[in-house]
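Text of the file query-v1.cif, holding mmCIF, C-alpha atoms:
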data_upload
loop_
_atom_site.label_atom_id
_atom_site.label_comp_id
_atom_site.auth_asym_id
_atom_site.auth_seq_id
_atom_site.Cartn_x
_atom_site.Cartn_y
_atom_site.Cartn_z
CA MET A 1 62.87 243.59 131.84
CA GLU A 2 62.78 242.99 135.59
CA SER A 3 59.02 242.56 135.39
CA LYS A 4 59.37 239.86 132.72
CA LYS A 5 62.01 238.07 134.79
CA TRP A 6 59.71 238.14 137.79
CA GLN A 7 56.79 236.75 135.77
CA TRP A 8 59.00 233.96 134.45
CA LEU A 9 60.21 233.11 137.97
CA CYS A 10 56.62 232.97 139.20
CA LEU A 11 55.70 230.58 136.41
CA VAL A 12 58.66 228.32 137.20
CA VAL A 13 57.83 228.29 140.92
CA ALA A 14 54.16 227.55 140.22
CA HIS A 15 55.15 224.71 137.91
CA CYS A 16 57.48 223.21 140.54
CA ILE A 17 54.80 223.47 143.22
CA GLY A 18 52.39 221.68 140.89
CA LEU A 19 54.88 218.89 140.29
CA LEU A 20 55.50 218.48 144.02
CA ALA A 21 51.79 218.45 144.78
CA PHE A 22 51.26 215.68 142.23
CA SER A 23 54.35 213.72 143.28
CA PHE A 24 53.63 213.34 147.00
CA ALA A 25 50.81 211.57 148.83
CA ILE A 26 49.23 210.17 145.67
CA GLU A 27 47.28 207.09 146.68
CA SER A 28 47.37 204.06 144.37
CA PRO A 29 45.78 200.59 144.44
CA GLN A 30 47.73 198.09 146.49
CA TYR A 31 49.45 195.12 144.87
CA LYS A 32 52.30 192.69 145.22
CA ILE A 33 54.63 191.61 142.42
CA GLN A 34 54.09 187.91 141.73
CA HIS A 35 56.55 187.62 138.81
CA SER A 36 59.08 190.05 137.39
CA TRP A 37 60.93 189.86 134.06
CA PRO A 38 63.05 192.50 132.30
CA ASP A 39 60.13 194.10 130.42
CA ILE A 40 56.98 192.77 132.08
CA GLU A 41 55.53 192.15 135.54
CA VAL A 42 52.62 190.14 136.87
CA ARG A 43 51.03 191.84 139.86
CA ILE A 44 48.31 190.69 142.21
CA TYR A 45 46.01 193.61 142.94
CA LYS A 46 43.85 193.44 146.05
CA GLU A 47 40.14 194.22 146.04
CA SER A 48 39.44 197.84 145.16
CA SER A 49 36.78 200.29 144.00
CA TRP A 50 36.88 202.44 140.88
CA ILE A 51 34.66 205.08 139.29
CA SER A 52 34.27 204.49 135.55
CA ALA A 53 33.31 206.99 132.84
CA PRO A 54 32.06 205.14 129.73
CA VAL A 55 32.68 206.70 126.34
CA GLN A 56 30.94 204.10 124.20
CA GLY A 57 30.69 203.57 120.45
CA ALA A 58 33.13 206.40 120.06
CA SER A 59 34.45 207.40 116.70
CA THR A 60 36.85 209.70 118.53
CA PRO A 61 40.40 208.41 119.18
CA PHE A 62 42.06 207.40 122.44
CA GLN A 63 43.23 210.85 123.54
CA ASN A 64 39.92 212.65 123.00
CA SER A 65 37.97 209.84 124.65
CA THR A 66 40.31 209.83 127.64
CA GLU A 67 39.95 213.60 128.02
CA SER A 68 36.16 213.36 127.72
CA GLY A 69 35.92 210.65 130.37
CA PHE A 70 38.41 212.31 132.69
CA HIS A 71 36.50 215.60 132.55
CA ARG A 72 33.50 213.85 134.11
CA LEU A 73 35.69 212.08 136.69
CA TYR A 74 37.28 215.42 137.57
CA GLN A 75 33.84 216.82 138.38
CA TYR A 76 33.10 213.75 140.53
CA ILE A 77 36.25 214.09 142.65
CA HIS A 78 35.59 217.83 143.07
CA GLY A 79 32.23 217.25 144.72
CA ALA A 80 29.80 216.23 141.96
CA ASN A 81 28.62 213.23 143.96
CA LEU A 82 25.59 212.66 146.18
CA ASP A 83 27.67 213.23 149.34
CA SER A 84 29.45 216.33 147.97
CA ILE A 85 32.78 214.77 149.00
CA LYS A 86 35.99 216.08 147.43
CA PHE A 87 38.82 213.64 146.81
CA MET A 88 42.54 214.02 146.40
CA MET A 89 43.78 212.84 143.02
CA THR A 90 44.84 209.18 142.84
CA ALA A 91 46.94 207.29 140.31
CA PRO A 92 46.89 205.75 137.85
CA VAL A 93 44.06 206.95 135.64
CA LEU A 94 43.02 204.00 133.50
CA THR A 95 41.61 203.96 129.99
CA ASN A 96 40.19 200.58 129.06
CA ILE A 97 40.00 200.14 125.27
CA ASN A 98 37.41 197.64 124.11
CA GLN A 99 37.00 197.13 120.38
CA THR A 100 33.53 195.98 119.30
CA GLU A 101 31.63 195.48 116.05
CA ASN A 102 30.10 198.94 116.50
CA GLY A 103 33.34 200.79 117.12
CA THR A 104 35.57 201.25 120.13
CA ASP A 105 34.26 201.62 123.66
CA TYR A 106 36.43 203.45 126.18
CA TYR A 107 36.12 203.35 129.96
CA VAL A 108 38.15 205.96 131.82
CA LYS A 109 38.62 205.02 135.48
CA PHE A 110 39.56 206.71 138.75
CA TYR A 111 40.81 204.69 141.73
CA VAL A 112 38.70 205.37 144.82
CA PRO A 113 40.84 206.04 147.91
CA GLU A 114 40.87 203.17 150.38
CA LYS A 115 38.99 205.31 152.94
CA TYR A 116 35.90 205.17 150.68
CA GLU A 117 36.45 201.75 149.12
CA ALA A 118 33.62 199.99 150.99
CA ALA A 119 31.03 202.62 150.04
CA PRO A 120 32.17 205.06 147.34
CA PRO A 121 30.00 208.19 147.14
CA LEU A 122 27.51 207.76 144.31
CA PRO A 123 28.15 210.03 141.31
CA SER A 124 25.72 212.75 140.28
CA PRO A 125 23.39 211.07 137.73
CA ALA A 126 24.11 213.67 135.03
CA LEU A 127 27.75 212.57 134.85
CA ASN A 128 26.85 209.03 133.68
CA LEU A 129 29.52 207.37 135.87
CA GLN A 130 29.57 203.83 137.20
CA VAL A 131 30.94 202.34 140.42
CA GLU A 132 33.11 199.25 139.80
CA LYS A 133 34.09 196.75 142.48
CA TRP A 134 37.23 194.80 141.61
CA ARG A 135 38.01 191.41 143.07
CA THR A 136 41.59 190.35 143.72
CA GLN A 137 43.12 189.74 140.30
CA CYS A 138 46.36 189.18 138.42
CA ILE A 139 47.39 191.97 136.07
CA ALA A 140 50.26 191.69 133.56
CA VAL A 141 51.99 195.04 133.12
CA ARG A 142 54.48 196.51 130.66
CA LYS A 143 55.84 200.03 131.23
CA PHE A 144 56.50 202.70 128.63
CA SER A 145 57.60 206.32 128.87
CA GLY A 146 56.55 209.59 127.27
CA PHE A 147 52.94 210.48 126.57
CA ALA A 148 50.25 207.89 125.82
CA LYS A 149 48.93 209.01 122.43
CA ASP A 150 46.72 207.84 119.58
CA GLU A 151 49.90 207.05 117.63
CA ASN A 152 51.49 204.71 120.16
CA VAL A 153 48.94 202.97 122.42
CA HIS A 154 48.23 200.15 119.98
CA SER A 155 51.91 199.59 119.14
CA GLU A 156 52.69 199.49 122.89
CA PHE A 157 49.95 196.89 123.29
CA GLU A 158 51.42 194.79 120.48
CA ALA A 159 54.85 194.97 122.16
CA PHE A 160 53.19 193.89 125.41
CA LEU A 161 51.56 190.89 123.69
CA THR A 162 54.84 189.86 122.05
CA SER A 163 56.64 189.88 125.39
CA LEU A 164 53.87 188.05 127.22
CA ARG A 165 53.56 185.33 124.58
CA LYS A 166 57.29 184.62 124.80
CA LEU A 167 57.09 184.29 128.57
CA LEU A 168 53.98 182.10 128.46
CA ALA A 169 54.97 179.82 125.58
CA GLY A 170 52.48 176.97 125.48
CA LYS A 171 50.14 178.70 127.93
CA SER A 172 49.02 181.71 125.91
CA THR A 173 45.74 180.44 124.44
CA GLY A 174 43.90 183.04 126.51
CA LEU A 175 45.69 185.79 124.61
CA ARG A 176 43.77 185.15 121.40
CA ASP A 177 41.35 187.91 122.33
CA LYS A 178 43.14 191.14 121.46
CA SER A 179 40.04 193.29 121.55
CA SER A 180 40.48 194.68 125.06
CA PHE A 181 43.38 196.21 126.97
CA THR A 182 44.05 199.06 129.38
CA ILE A 183 46.42 202.02 129.40
CA ALA A 184 47.44 203.27 132.87
CA GLN A 185 48.73 206.85 133.13
CA TYR A 186 50.46 208.06 136.29
CA ASN A 187 51.37 211.68 135.56
CA ALA A 188 49.55 214.98 135.15
CA SER A 189 49.58 216.52 131.68
CA PHE A 190 51.97 219.27 132.78
CA HIS A 191 54.56 216.66 133.82
CA LEU A 192 56.73 216.70 130.69
CA SER A 193 59.68 214.50 131.64
CA GLY A 194 60.08 211.19 133.45
CA ARG A 195 56.55 210.15 132.59
CA LEU A 196 55.28 206.66 133.44
CA ASN A 197 52.60 204.73 131.57
CA GLU A 198 51.72 201.05 131.55
CA VAL A 199 49.81 198.56 129.42
CA TRP A 200 47.59 196.37 131.61
CA MET A 201 45.83 193.08 130.91
CA ASN A 202 43.95 190.84 133.34
CA VAL A 203 45.65 187.42 133.20
CA SER A 204 43.84 185.79 136.12
CA GLU A 205 42.49 183.06 133.82
CA LEU A 206 45.89 182.08 132.39
CA GLU A 207 48.15 179.38 133.75
CA ILE A 208 50.50 181.61 135.73
CA ASP A 209 51.87 180.42 139.06
CA GLY A 210 50.20 182.21 141.94
CA CYS A 211 47.27 183.53 139.91
#

Please lay out the structure from this file as structure tokens.
Amino acid sequence: MESKKWQWLCLVVAHCIGLLAFSFAIESPQYKIQHSWPDIEVRIYKESSWISAPVQGASTPFQNSTESGFHRLYQYIHGANLDSIKFMMTAPVLTNINQTENGTDYYVKFYVPEKYEAAPPLPSPALNLQVEKWRTQCIAVRKFSGFAKDENVHSEFEAFLTSLRKLLAGKSTGLRDKSSFTIAQYNASFHLSGRLNEVWMNVSELEIDGC
């Protein structure tokens, strides 16, 4: 009995240490809030670098595609790059969902720490990763809790569009294209409560003050 109690205590401690490790010193892309409403924000993100894992023409759903792309990114940040550099985890992990005539393309993305922004280490060719350079841009954001799953990412996007259209009445012509959006996830899979996710859309081309 004492042995089982000790094993359980060790598991709890290990879990807490994991949560603390993920909660502190996680680097994220820098932004300022340009507009804030009860259920949506418009942020201006500064220039940044990302590593993207394409999962194209996939018949697999959101969750499997995200896991597939992240597995390759995980190898990259653990040294599978031409400089053998290991990175600390950053947040959020993005999954861009782009619906095409041939299916749905997914792009799972890792934010490159600012230290390496100017010249990110090139990925090992076998991983099929791409370096993306982002210009300063306006991103509209709507938060949601829990886990981002196959069953809810599209409904969360529809809720995002409904809110944004109301706020941009008369200026929302650029929202006709509903084929592409991004899900941002901030928490590790073992983080079961207090989870944070966001729907992102680039609104730099819309008539929004400051963008």

Sorted by chain and rising residue number, list the residues of region 117-151 of chain A at most 6 Å from region 38-52 of chain A (counting only C-alpha atoms), each with its closest atom pair and distance in Å to one decimal, as a Markdown table.
| residue | atom | partner | partner_atom | distance |
| --- | --- | --- | --- | --- |
| A:Glu117 | CA | A:Ser49 | CA | 5.3 |
| A:Leu129 | CA | A:Ser52 | CA | 5.6 |
| A:Gln130 | CA | A:Ser52 | CA | 5.0 |
| A:Val131 | CA | A:Ile51 | CA | 4.8 |
| A:Glu132 | CA | A:Trp50 | CA | 5.1 |
| A:Lys133 | CA | A:Ser49 | CA | 4.7 |
| A:Trp134 | CA | A:Ser48 | CA | 5.2 |
| A:Arg135 | CA | A:Glu47 | CA | 4.6 |
| A:Thr136 | CA | A:Lys46 | CA | 4.5 |
| A:Gln137 | CA | A:Tyr45 | CA | 5.5 |
| A:Cys138 | CA | A:Ile44 | CA | 4.5 |
| A:Ile139 | CA | A:Arg43 | CA | 5.3 |
| A:Ala140 | CA | A:Val42 | CA | 4.4 |
| A:Val141 | CA | A:Glu41 | CA | 5.2 |
| A:Arg142 | CA | A:Ile40 | CA | 4.7 |

Next on the checklist: I'd like the residues picked by the PyMOL selection byres ((chain A and resi 86) around 10) written out as a list of chain:residue names, using the chain letters and numbers from the file.
Outcome noted: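 So the PyMOL selection byres ((chain A and resi 86) around 10), applied here, picks out A:Tyr74, A:Gln75, A:Tyr76, A:Ile77, A:His78, A:Gly79, A:Ala80, A:Asn81, A:Asp83, A:Ser84, A:Ile85, A:Phe87, A:Met88, A:Met89, A:Pro121.
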
Next on the checklist: Evaluated on this file, the PyMOL selection byres ((chain A and resi 147-150) around 7) picks out some residues - which ones are they, written as a PyMOL selection string?
Outcome noted: chain A and resi 61-63+145-146+151-153+197

Checklist entry - Please, what distance in Å, to one decimal, runs between CA of Leu127 (chain A) and CA of Val55 (chain A)? => result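 Taking CA of Leu127 (chain A) as the start and CA of Val55 (chain A) as the end point, the length is 11.5 Å.
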
Item to check | Among the residues A:Gly57, A:Pro123, A:Pro29, A:Gly210, the one that comes closest to Thr100 (chain A) [using all atoms listed in the file] | outcome: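 Once distances to Thr100 (chain A) are computed over all atoms listed in the file, the minimum belongs to A:Gly57.
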
Checklist entry - Of the candidates A:His35, A:Ala119, A:Ser124, A:Gln56, which one gets nearest to Asn102 (chain A) if we count all atoms listed in the file? => result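 Nearest to Asn102 (chain A): A:Gln56.
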
Checklist entry - Restricting the calculation to all atoms listed in the file, which member of A:Ser155, A:Ser180, A:Ser68, A:Ser28 is positioned closest to Gln99 (chain A)? => result A:Ser180

Report as a tab-separated table (two decimals) with C-alpha atoms, in the frame of the given file the full result of the PyMOL selection byres ((chain A and resi 181) around 9) when it is applied to this structure.
chain	number	residue	atom	x	y	z
A	95	THR	CA	41.61	203.96	129.99
A	96	ASN	CA	40.19	200.58	129.06
A	97	ILE	CA	40.00	200.14	125.27
A	98	ASN	CA	37.41	197.64	124.11
A	157	PHE	CA	49.95	196.89	123.29
A	178	LYS	CA	43.14	191.14	121.46
A	179	SER	CA	40.04	193.29	121.55
A	180	SER	CA	40.48	194.68	125.06
A	182	THR	CA	44.05	199.06	129.38
A	183	ILE	CA	46.42	202.02	129.40
A	199	VAL	CA	49.81	198.56	129.42
A	200	TRP	CA	47.59	196.37	131.61
A	201	MET	CA	45.83	193.08	130.91
A	202	ASN	CA	43.95	190.84	133.34

Checklist entry - What is the distance, in Å and to one decimal place, between CA of Arg72 (chain A) and CA of Ser59 (chain A)? => result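 Going from CA of Arg72 (chain A) over to CA of Ser59 (chain A), I get 18.6 Å.
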
Next on the checklist: Just the number, please: distance in Å from CA of Leu167 (chain A) to CA of Tyr31 (chain A), one decimal.
Outcome noted: 21.0 Å

Item to check | Given only C-alpha atoms as the counted atoms, nearest of A:Leu82, A:Trp37, A:Leu196, A:Asp209 to Ala126 (chain A) | outcome: A:Leu82
